[in-house]
Structure formats: C-alpha cells, structure tokens
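Q: Just so it is clear, I am handing over target_25.txt, which has compact mmCIF, N, CA and C atoms.
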```
# COMPACT_ATOMS: atom_id res chain seq x y z
N MET R 1494 -32.56 -3.14 -0.97
CA MET R 1494 -31.50 -3.48 -1.90
C MET R 1494 -31.88 -4.77 -2.63
N VAL R 1495 -31.64 -4.80 -3.91
CA VAL R 1495 -31.97 -5.94 -4.75
C VAL R 1495 -30.89 -7.00 -4.58
N LYS R 1496 -31.29 -8.25 -4.40
CA LYS R 1496 -30.33 -9.34 -4.31
C LYS R 1496 -29.87 -9.71 -5.70
N ASN R 1497 -28.58 -9.86 -5.86
CA ASN R 1497 -28.00 -10.15 -7.16
C ASN R 1497 -28.00 -11.65 -7.40
N PRO R 1498 -28.73 -12.15 -8.39
CA PRO R 1498 -28.74 -13.59 -8.67
C PRO R 1498 -27.39 -14.10 -9.16
N LEU R 1499 -26.55 -13.22 -9.69
CA LEU R 1499 -25.22 -13.64 -10.14
C LEU R 1499 -24.25 -13.87 -8.99
N ALA R 1500 -24.62 -13.43 -7.79
CA ALA R 1500 -23.74 -13.59 -6.64
C ALA R 1500 -23.43 -15.05 -6.35
N VAL R 1501 -24.27 -15.97 -6.79
CA VAL R 1501 -23.98 -17.39 -6.59
C VAL R 1501 -22.73 -17.80 -7.37
N LEU R 1502 -22.35 -17.01 -8.37
CA LEU R 1502 -21.15 -17.30 -9.16
C LEU R 1502 -19.88 -16.68 -8.55
N TRP R 1503 -20.04 -15.89 -7.51
CA TRP R 1503 -18.90 -15.22 -6.91
C TRP R 1503 -18.16 -16.20 -6.01
N ASN R 1504 -17.16 -16.85 -6.56
CA ASN R 1504 -16.41 -17.83 -5.79
C ASN R 1504 -15.00 -17.35 -5.45
N ASP R 1505 -14.73 -16.06 -5.68
CA ASP R 1505 -13.47 -15.45 -5.28
C ASP R 1505 -13.74 -14.61 -4.04
N PHE R 1506 -12.67 -14.18 -3.39
CA PHE R 1506 -12.77 -13.29 -2.24
C PHE R 1506 -11.72 -12.20 -2.40
N CYS R 1507 -11.99 -11.03 -1.81
CA CYS R 1507 -11.01 -9.95 -1.94
C CYS R 1507 -10.88 -9.15 -0.65
N ASP R 1508 -9.71 -8.55 -0.52
CA ASP R 1508 -9.41 -7.59 0.54
C ASP R 1508 -9.20 -6.25 -0.15
N VAL R 1509 -9.70 -5.17 0.46
CA VAL R 1509 -9.59 -3.83 -0.11
C VAL R 1509 -8.75 -2.98 0.82
N TYR R 1510 -7.75 -2.30 0.23
CA TYR R 1510 -6.85 -1.42 0.97
C TYR R 1510 -6.97 0.00 0.44
N GLU R 1511 -6.92 0.98 1.35
CA GLU R 1511 -6.93 2.39 0.98
C GLU R 1511 -5.74 3.09 1.62
N GLU R 1512 -5.28 4.14 0.94
CA GLU R 1512 -4.27 5.01 1.53
C GLU R 1512 -4.99 5.97 2.46
N ARG R 1513 -4.58 6.01 3.71
CA ARG R 1513 -5.21 6.89 4.69
C ARG R 1513 -4.15 7.73 5.39
N THR R 1514 -4.55 8.94 5.74
CA THR R 1514 -3.62 9.82 6.44
C THR R 1514 -3.60 9.45 7.92
N PHE R 1515 -2.44 9.67 8.52
CA PHE R 1515 -2.30 9.44 9.95
C PHE R 1515 -1.34 10.48 10.51
N ARG R 1516 -1.41 10.69 11.81
CA ARG R 1516 -0.57 11.66 12.48
C ARG R 1516 0.65 10.95 13.04
N LYS R 1517 1.84 11.42 12.64
CA LYS R 1517 3.10 10.85 13.14
C LYS R 1517 3.38 11.41 14.53
N GLN R 1518 4.32 10.79 15.23
CA GLN R 1518 4.66 11.22 16.59
C GLN R 1518 5.19 12.65 16.61
N ASP R 1519 5.84 13.07 15.52
CA ASP R 1519 6.38 14.44 15.49
C ASP R 1519 5.33 15.48 15.11
N GLY R 1520 4.08 15.06 14.94
CA GLY R 1520 3.00 15.98 14.63
C GLY R 1520 2.71 16.12 13.15
N SER R 1521 3.61 15.65 12.30
CA SER R 1521 3.36 15.74 10.86
C SER R 1521 2.41 14.62 10.44
N SER R 1522 1.88 14.74 9.24
CA SER R 1522 0.97 13.70 8.76
C SER R 1522 1.67 12.87 7.68
N GLY R 1523 1.20 11.67 7.54
CA GLY R 1523 1.75 10.77 6.54
C GLY R 1523 0.63 9.91 5.97
N LEU R 1524 0.98 9.07 5.01
CA LEU R 1524 0.02 8.15 4.41
C LEU R 1524 0.46 6.72 4.72
N ARG R 1525 -0.53 5.88 4.95
CA ARG R 1525 -0.25 4.45 5.11
C ARG R 1525 -1.42 3.67 4.53
N ARG R 1526 -1.12 2.49 4.09
CA ARG R 1526 -2.14 1.62 3.50
C ARG R 1526 -2.83 0.84 4.62
N GLU R 1527 -4.17 0.90 4.63
CA GLU R 1527 -4.94 0.19 5.64
C GLU R 1527 -5.99 -0.69 4.97
N LYS R 1528 -6.18 -1.87 5.54
CA LYS R 1528 -7.23 -2.77 5.03
C LYS R 1528 -8.57 -2.26 5.53
N VAL R 1529 -9.49 -2.01 4.60
CA VAL R 1529 -10.81 -1.49 4.98
C VAL R 1529 -11.90 -2.56 4.86
N PHE R 1530 -11.70 -3.56 4.01
CA PHE R 1530 -12.63 -4.68 3.89
C PHE R 1530 -11.82 -5.96 3.74
N SER R 1531 -12.34 -7.04 4.30
CA SER R 1531 -11.63 -8.30 4.26
C SER R 1531 -12.56 -9.44 3.83
N ASP R 1532 -12.05 -10.31 2.98
CA ASP R 1532 -12.76 -11.53 2.55
C ASP R 1532 -14.16 -11.26 2.00
N LEU R 1533 -14.28 -10.27 1.13
CA LEU R 1533 -15.56 -9.98 0.49
C LEU R 1533 -15.78 -10.95 -0.67
N PRO R 1534 -16.95 -11.59 -0.77
CA PRO R 1534 -17.23 -12.43 -1.93
C PRO R 1534 -17.24 -11.57 -3.19
N CYS R 1535 -16.63 -12.08 -4.25
CA CYS R 1535 -16.53 -11.31 -5.48
C CYS R 1535 -16.32 -12.25 -6.66
N ARG R 1536 -16.21 -11.65 -7.82
CA ARG R 1536 -15.92 -12.40 -9.05
C ARG R 1536 -15.04 -11.52 -9.92
N VAL R 1537 -14.01 -12.10 -10.50
CA VAL R 1537 -13.12 -11.38 -11.40
C VAL R 1537 -13.36 -11.88 -12.81
N SER R 1538 -13.47 -10.93 -13.74
CA SER R 1538 -13.66 -11.25 -15.14
C SER R 1538 -12.46 -10.75 -15.92
N PHE R 1539 -11.98 -11.55 -16.85
CA PHE R 1539 -10.82 -11.20 -17.66
C PHE R 1539 -11.20 -11.13 -19.13
N ALA R 1540 -10.68 -10.12 -19.81
CA ALA R 1540 -10.85 -10.00 -21.26
C ALA R 1540 -9.53 -9.54 -21.83
N GLY R 1541 -9.09 -10.17 -22.89
CA GLY R 1541 -7.82 -9.81 -23.51
C GLY R 1541 -7.99 -8.78 -24.59
N GLY R 1542 -6.91 -8.24 -25.02
CA GLY R 1542 -6.95 -7.26 -26.08
C GLY R 1542 -5.55 -6.80 -26.41
N LYS R 1543 -5.42 -6.03 -27.47
CA LYS R 1543 -4.12 -5.49 -27.87
C LYS R 1543 -4.11 -4.00 -27.59
N THR R 1544 -2.96 -3.52 -27.15
CA THR R 1544 -2.84 -2.09 -26.89
C THR R 1544 -2.54 -1.33 -28.17
N GLY R 1545 -2.10 -2.04 -29.20
CA GLY R 1545 -1.71 -1.38 -30.44
C GLY R 1545 -0.26 -0.94 -30.42
N GLU R 1546 0.40 -1.10 -29.29
CA GLU R 1546 1.80 -0.73 -29.19
C GLU R 1546 2.65 -1.87 -29.75
N GLU R 1547 3.47 -1.56 -30.70
CA GLU R 1547 4.34 -2.59 -31.25
C GLU R 1547 5.77 -2.30 -30.87
N THR R 1548 6.46 -3.33 -30.42
CA THR R 1548 7.87 -3.22 -30.10
C THR R 1548 8.59 -4.27 -30.92
N GLY R 1549 9.20 -3.84 -32.00
CA GLY R 1549 9.84 -4.78 -32.90
C GLY R 1549 8.79 -5.61 -33.59
N SER R 1550 8.90 -6.94 -33.46
CA SER R 1550 7.93 -7.82 -34.10
C SER R 1550 6.80 -8.23 -33.15
N LEU R 1551 6.81 -7.68 -31.93
CA LEU R 1551 5.80 -8.06 -30.94
C LEU R 1551 4.80 -6.93 -30.72
N THR R 1552 3.56 -7.30 -30.55
CA THR R 1552 2.53 -6.35 -30.14
C THR R 1552 2.21 -6.64 -28.68
N ARG R 1553 2.24 -5.59 -27.85
CA ARG R 1553 1.98 -5.78 -26.43
C ARG R 1553 0.53 -6.19 -26.21
N ALA R 1554 0.35 -7.23 -25.42
CA ALA R 1554 -1.00 -7.67 -25.07
C ALA R 1554 -1.39 -7.03 -23.74
N ARG R 1555 -2.66 -6.75 -23.60
CA ARG R 1555 -3.16 -6.17 -22.37
C ARG R 1555 -4.37 -6.98 -21.92
N GLN R 1556 -4.49 -7.15 -20.63
CA GLN R 1556 -5.63 -7.88 -20.10
C GLN R 1556 -6.53 -6.90 -19.36
N ASN R 1557 -7.78 -6.88 -19.70
CA ASN R 1557 -8.76 -6.05 -19.00
C ASN R 1557 -9.35 -6.88 -17.87
N VAL R 1558 -9.27 -6.34 -16.66
CA VAL R 1558 -9.74 -7.06 -15.48
C VAL R 1558 -10.87 -6.26 -14.85
N LYS R 1559 -11.98 -6.93 -14.57
CA LYS R 1559 -13.12 -6.27 -13.95
C LYS R 1559 -13.54 -7.08 -12.73
N LEU R 1560 -13.74 -6.38 -11.62
CA LEU R 1560 -14.16 -7.00 -10.38
C LEU R 1560 -15.65 -6.75 -10.17
N PHE R 1561 -16.39 -7.80 -9.86
CA PHE R 1561 -17.81 -7.71 -9.53
C PHE R 1561 -17.93 -7.94 -8.02
N LEU R 1562 -18.63 -7.03 -7.36
CA LEU R 1562 -18.66 -7.01 -5.91
C LEU R 1562 -20.01 -6.48 -5.44
N GLY R 1563 -20.43 -6.85 -4.25
CA GLY R 1563 -21.69 -6.34 -3.70
C GLY R 1563 -21.71 -4.81 -3.64
N ALA R 1564 -22.87 -4.23 -3.84
CA ALA R 1564 -23.00 -2.77 -3.91
C ALA R 1564 -22.87 -2.09 -2.56
N ARG R 1565 -22.97 -2.81 -1.48
CA ARG R 1565 -22.99 -2.16 -0.17
C ARG R 1565 -21.61 -1.83 0.39
N TYR R 1566 -20.55 -2.14 -0.35
CA TYR R 1566 -19.19 -1.86 0.11
C TYR R 1566 -18.64 -0.65 -0.64
N PRO R 1567 -18.45 0.48 0.01
CA PRO R 1567 -17.96 1.67 -0.68
C PRO R 1567 -16.46 1.59 -0.96
N VAL R 1568 -16.11 1.20 -2.18
CA VAL R 1568 -14.71 1.08 -2.58
C VAL R 1568 -14.30 2.36 -3.29
N LYS R 1569 -13.26 3.00 -2.79
CA LYS R 1569 -12.80 4.26 -3.37
C LYS R 1569 -11.91 4.00 -4.58
N ALA R 1570 -11.97 4.90 -5.55
CA ALA R 1570 -11.07 4.84 -6.70
C ALA R 1570 -9.63 4.93 -6.19
N GLY R 1571 -8.75 4.17 -6.81
CA GLY R 1571 -7.35 4.16 -6.41
C GLY R 1571 -7.01 3.15 -5.34
N SER R 1572 -7.99 2.39 -4.89
CA SER R 1572 -7.73 1.36 -3.88
C SER R 1572 -6.87 0.24 -4.44
N VAL R 1573 -6.19 -0.44 -3.55
CA VAL R 1573 -5.47 -1.66 -3.91
C VAL R 1573 -6.37 -2.81 -3.48
N ILE R 1574 -6.57 -3.76 -4.38
CA ILE R 1574 -7.47 -4.87 -4.10
C ILE R 1574 -6.72 -6.18 -4.33
N VAL R 1575 -6.74 -7.03 -3.33
CA VAL R 1575 -6.10 -8.35 -3.42
C VAL R 1575 -7.19 -9.39 -3.56
N VAL R 1576 -7.17 -10.11 -4.68
CA VAL R 1576 -8.17 -11.13 -4.97
C VAL R 1576 -7.60 -12.50 -4.66
N LYS R 1577 -8.37 -13.29 -3.92
CA LYS R 1577 -7.99 -14.66 -3.58
C LYS R 1577 -8.83 -15.59 -4.45
N ARG R 1578 -8.16 -16.29 -5.35
CA ARG R 1578 -8.83 -17.23 -6.25
C ARG R 1578 -8.07 -18.55 -6.22
N LYS R 1579 -8.75 -19.59 -5.80
CA LYS R 1579 -8.15 -20.93 -5.75
C LYS R 1579 -6.81 -20.92 -5.02
N ASN R 1580 -6.77 -20.33 -3.84
CA ASN R 1580 -5.58 -20.26 -2.99
C ASN R 1580 -4.42 -19.46 -3.59
N ILE R 1581 -4.71 -18.63 -4.58
CA ILE R 1581 -3.68 -17.75 -5.16
C ILE R 1581 -4.13 -16.31 -4.94
N ASN R 1582 -3.26 -15.51 -4.34
CA ASN R 1582 -3.55 -14.10 -4.11
C ASN R 1582 -2.93 -13.27 -5.22
N THR R 1583 -3.73 -12.39 -5.82
CA THR R 1583 -3.25 -11.50 -6.88
C THR R 1583 -3.61 -10.08 -6.49
N ALA R 1584 -2.60 -9.19 -6.51
CA ALA R 1584 -2.82 -7.79 -6.14
C ALA R 1584 -3.10 -6.96 -7.38
N TYR R 1585 -4.06 -6.06 -7.26
CA TYR R 1585 -4.41 -5.13 -8.32
C TYR R 1585 -4.35 -3.71 -7.77
N LYS R 1586 -3.96 -2.77 -8.60
CA LYS R 1586 -3.83 -1.38 -8.18
C LYS R 1586 -4.70 -0.49 -9.06
N ASN R 1587 -4.71 0.78 -8.71
CA ASN R 1587 -5.40 1.79 -9.52
C ASN R 1587 -6.84 1.41 -9.83
N SER R 1588 -7.56 0.98 -8.83
CA SER R 1588 -8.96 0.63 -9.08
C SER R 1588 -9.70 1.85 -9.62
N SER R 1589 -10.59 1.60 -10.57
CA SER R 1589 -11.38 2.68 -11.17
C SER R 1589 -12.48 3.11 -10.21
N PRO R 1590 -13.10 4.26 -10.47
CA PRO R 1590 -14.31 4.56 -9.71
C PRO R 1590 -15.34 3.46 -10.00
N PRO R 1591 -16.02 2.96 -8.98
CA PRO R 1591 -16.95 1.86 -9.23
C PRO R 1591 -18.19 2.30 -9.99
N ALA R 1592 -18.66 1.41 -10.87
CA ALA R 1592 -19.96 1.58 -11.50
C ALA R 1592 -20.93 0.84 -10.58
N VAL R 1593 -21.73 1.60 -9.85
CA VAL R 1593 -22.60 1.01 -8.83
C VAL R 1593 -24.01 0.84 -9.37
N TYR R 1594 -24.53 -0.37 -9.24
CA TYR R 1594 -25.89 -0.70 -9.63
C TYR R 1594 -26.66 -1.09 -8.37
N SER R 1595 -27.93 -1.34 -8.48
CA SER R 1595 -28.73 -1.68 -7.29
C SER R 1595 -28.29 -3.00 -6.66
N SER R 1596 -27.77 -3.91 -7.45
CA SER R 1596 -27.42 -5.23 -6.93
C SER R 1596 -25.92 -5.48 -6.78
N HIS R 1597 -25.09 -4.69 -7.47
CA HIS R 1597 -23.65 -4.95 -7.42
C HIS R 1597 -22.90 -3.72 -7.92
N GLN R 1598 -21.58 -3.81 -7.87
CA GLN R 1598 -20.74 -2.78 -8.46
C GLN R 1598 -19.67 -3.46 -9.31
N GLU R 1599 -19.17 -2.71 -10.29
CA GLU R 1599 -18.12 -3.21 -11.18
C GLU R 1599 -16.95 -2.24 -11.11
N ILE R 1600 -15.75 -2.80 -10.92
CA ILE R 1600 -14.55 -2.00 -10.76
C ILE R 1600 -13.48 -2.53 -11.71
N CYS R 1601 -12.94 -1.65 -12.55
CA CYS R 1601 -11.84 -2.04 -13.44
C CYS R 1601 -10.55 -2.00 -12.64
N LEU R 1602 -9.69 -2.99 -12.88
CA LEU R 1602 -8.45 -3.13 -12.12
C LEU R 1602 -7.24 -3.22 -13.04
N GLU R 1603 -6.09 -2.92 -12.47
CA GLU R 1603 -4.81 -3.02 -13.17
C GLU R 1603 -3.90 -3.91 -12.33
N LEU R 1604 -3.26 -4.89 -12.96
CA LEU R 1604 -2.39 -5.81 -12.24
C LEU R 1604 -1.24 -5.06 -11.58
N SER R 1605 -0.96 -5.42 -10.34
CA SER R 1605 0.14 -4.81 -9.60
C SER R 1605 1.26 -5.81 -9.45
N GLU R 1606 2.48 -5.34 -9.52
CA GLU R 1606 3.63 -6.22 -9.32
C GLU R 1606 3.97 -6.32 -7.85
N GLU R 1607 3.34 -5.48 -7.05
CA GLU R 1607 3.58 -5.47 -5.60
C GLU R 1607 2.92 -6.69 -4.97
N VAL R 1608 3.58 -7.25 -3.97
CA VAL R 1608 3.02 -8.38 -3.24
C VAL R 1608 2.63 -7.88 -1.85
N LEU R 1609 1.38 -8.16 -1.47
CA LEU R 1609 0.90 -7.73 -0.14
C LEU R 1609 0.83 -8.93 0.79
```
The structure in this file should be written as structure tokens.
A:
Amino acid sequence: MVKNPLAVLWNDFCDVYEERTFRKQDGSSGLRREKVFSDLPCRVSFAGGKTGEETGSLTRARQNVKLFLGARYPVKAGSVIVVKRKNINTAYKNSSPPAVYSSHQEICLELSEEVL
C-alpha cells in the first residue's frame, strides 16, 4: 500500500457507524446503528455552491463536504460519520460510495441534524 504524503495534513478524527441487522429476543430481526471504526485520522474539505433553488429573494446555499480517509478502512455507502475537529463533533449522513485510491479514499458527505 502506498503511503499518502497528504496524511500529515489529516488533523481531524472520525467515527464511522453502520446500520446492522440483529436478532431480537422474539426471533424477529431489526436494525441498529453500530460503531465500526473509531478515531480514524482524516481530513474534511468544504466547498460552497448554489443549488439554484430560489425561495423568494433568497437562493439556497449548499455546502459540499468531502472526507479524506485512509484506504484500508472499508466504509460502506450510507454510513453515518461523526467528524471531530477542534473539539467539535459534527455528524454527517448519507455517505457516498467511497472513491478508493491506492493511498486514500474520498467520501462525499451530507450534514446531519442528528446528534450522536
């Protein structure tokens, strides 16, 4: 595996959660959120833009968020990812399928209003 020279810039950390099935006591199955990775070094990149949606005199702004993470962690699409940056935790949902490269992966994220 190729070492990523940009990893020295990864000063954020993240926890990754997945929805997993489990067997209930009555024998039925259900879904629950489980932490699959904890405190992974990462970097979040932000880019602004307009959605083109206008409401009255305002145009809705949208922020594009991309997570940079080591390639050896298999993050599934749809995961919830909590990023810790400067002692502030921010939850993101609907993670995209990762673009995996030899040295890292890139995952597009959507801000979540849920607090974990």
Q: Using only C-alpha atoms, find each residue of range 1565-1591 of chain R with at least one atom at most 10 Å away from an atom of range 1523-1544 of chain R; report its shortest atom-to-atom pair and that distance in Å (one decimal), sort the rows by chain and rising residue number, and return the result as a tab-separated table.
A:
```
residue	atom	partner	partner_atom	distance
R:Tyr1566	CA	R:Phe1530	CA	8.1
R:Pro1567	CA	R:Phe1530	CA	9.5
R:Val1568	CA	R:Val1529	CA	8.9
R:Ser1572	CA	R:Arg1526	CA	9.3
R:Val1573	CA	R:Arg1526	CA	8.8
R:Ile1574	CA	R:Lys1528	CA	9.4
R:Val1575	CA	R:Ser1531	CA	9.5
R:Val1576	CA	R:Val1537	CA	8.1
R:Lys1577	CA	R:Asp1532	CA	8.4
R:Arg1578	CA	R:Val1537	CA	8.9
```
Q: Only N, CA and C atoms, please: the residues just picked out, written as a compact mmCIF listing (two decimals), in the frame of the given file.
A:
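Ended up saving to part_5.txt:
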```txt
# COMPACT_ATOMS: atom_id res chain seq x y z
N TYR R 1566 -20.55 -2.14 -0.35
CA TYR R 1566 -19.19 -1.86 0.11
C TYR R 1566 -18.64 -0.65 -0.64
N PRO R 1567 -18.45 0.48 0.01
CA PRO R 1567 -17.96 1.67 -0.68
C PRO R 1567 -16.46 1.59 -0.96
N VAL R 1568 -16.11 1.20 -2.18
CA VAL R 1568 -14.71 1.08 -2.58
C VAL R 1568 -14.30 2.36 -3.29
N SER R 1572 -7.99 2.39 -4.89
CA SER R 1572 -7.73 1.36 -3.88
C SER R 1572 -6.87 0.24 -4.44
N VAL R 1573 -6.19 -0.44 -3.55
CA VAL R 1573 -5.47 -1.66 -3.91
C VAL R 1573 -6.37 -2.81 -3.48
N ILE R 1574 -6.57 -3.76 -4.38
CA ILE R 1574 -7.47 -4.87 -4.10
C ILE R 1574 -6.72 -6.18 -4.33
N VAL R 1575 -6.74 -7.03 -3.33
CA VAL R 1575 -6.10 -8.35 -3.42
C VAL R 1575 -7.19 -9.39 -3.56
N VAL R 1576 -7.17 -10.11 -4.68
CA VAL R 1576 -8.17 -11.13 -4.97
C VAL R 1576 -7.60 -12.50 -4.66
N LYS R 1577 -8.37 -13.29 -3.92
CA LYS R 1577 -7.99 -14.66 -3.58
C LYS R 1577 -8.83 -15.59 -4.45
N ARG R 1578 -8.16 -16.29 -5.35
CA ARG R 1578 -8.83 -17.23 -6.25
C ARG R 1578 -8.07 -18.55 -6.22
```
Q: Between CA of Pro1591 in chain R and CA of Lys1569 in chain R, what is the distance, to one decimal in Å?
A: 7.6 Å
Q: What is the CA of Phe1561 in chain R to CA of Gln1598 in chain R distance in Å?
A: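 Distance between the two atoms: 5.8 Å.
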Q: Rounded to one decimal place, report the CA of Leu1604 in chain R-CA of Ser1588 in chain R distance in Å.
A: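 Straight-line distance from CA of Leu1604 in chain R to CA of Ser1588 in chain R works out to 9.7 Å.
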Q: Which residue out of R:Thr1583, R:Asn1557, R:Ser1589, R:Ser1595 has the minimum interatomic distance to Ala1570 in chain R when only N, CA and C atoms are used?
A: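 The closest residue to Ala1570 in chain R is R:Ser1589.
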Q: Considering all atoms listed in the file, can you say which of R:Glu1606, R:Lys1517, R:Asn1587, R:Gly1563 comes closest to Ala1500 in chain R?
A: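 Counting all atoms listed in the file, the residue closest to Ala1500 in chain R is R:Gly1563.
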Q: Might you pull out every residue within 6 Å of Leu1602 in chain R, with only C-alpha atoms counted and same-chain residues fewer than 5 positions away left off, and present them as a VMD selection string?
A: chain R and resid 1558 to 1559 1585 1588
Q: Go through R:Arg1516, R:Cys1601, R:Leu1502, R:Ser1596 and flag the residue nearest Leu1560 in chain R, using all atoms listed in the file for the distances.
A: R:Cys1601
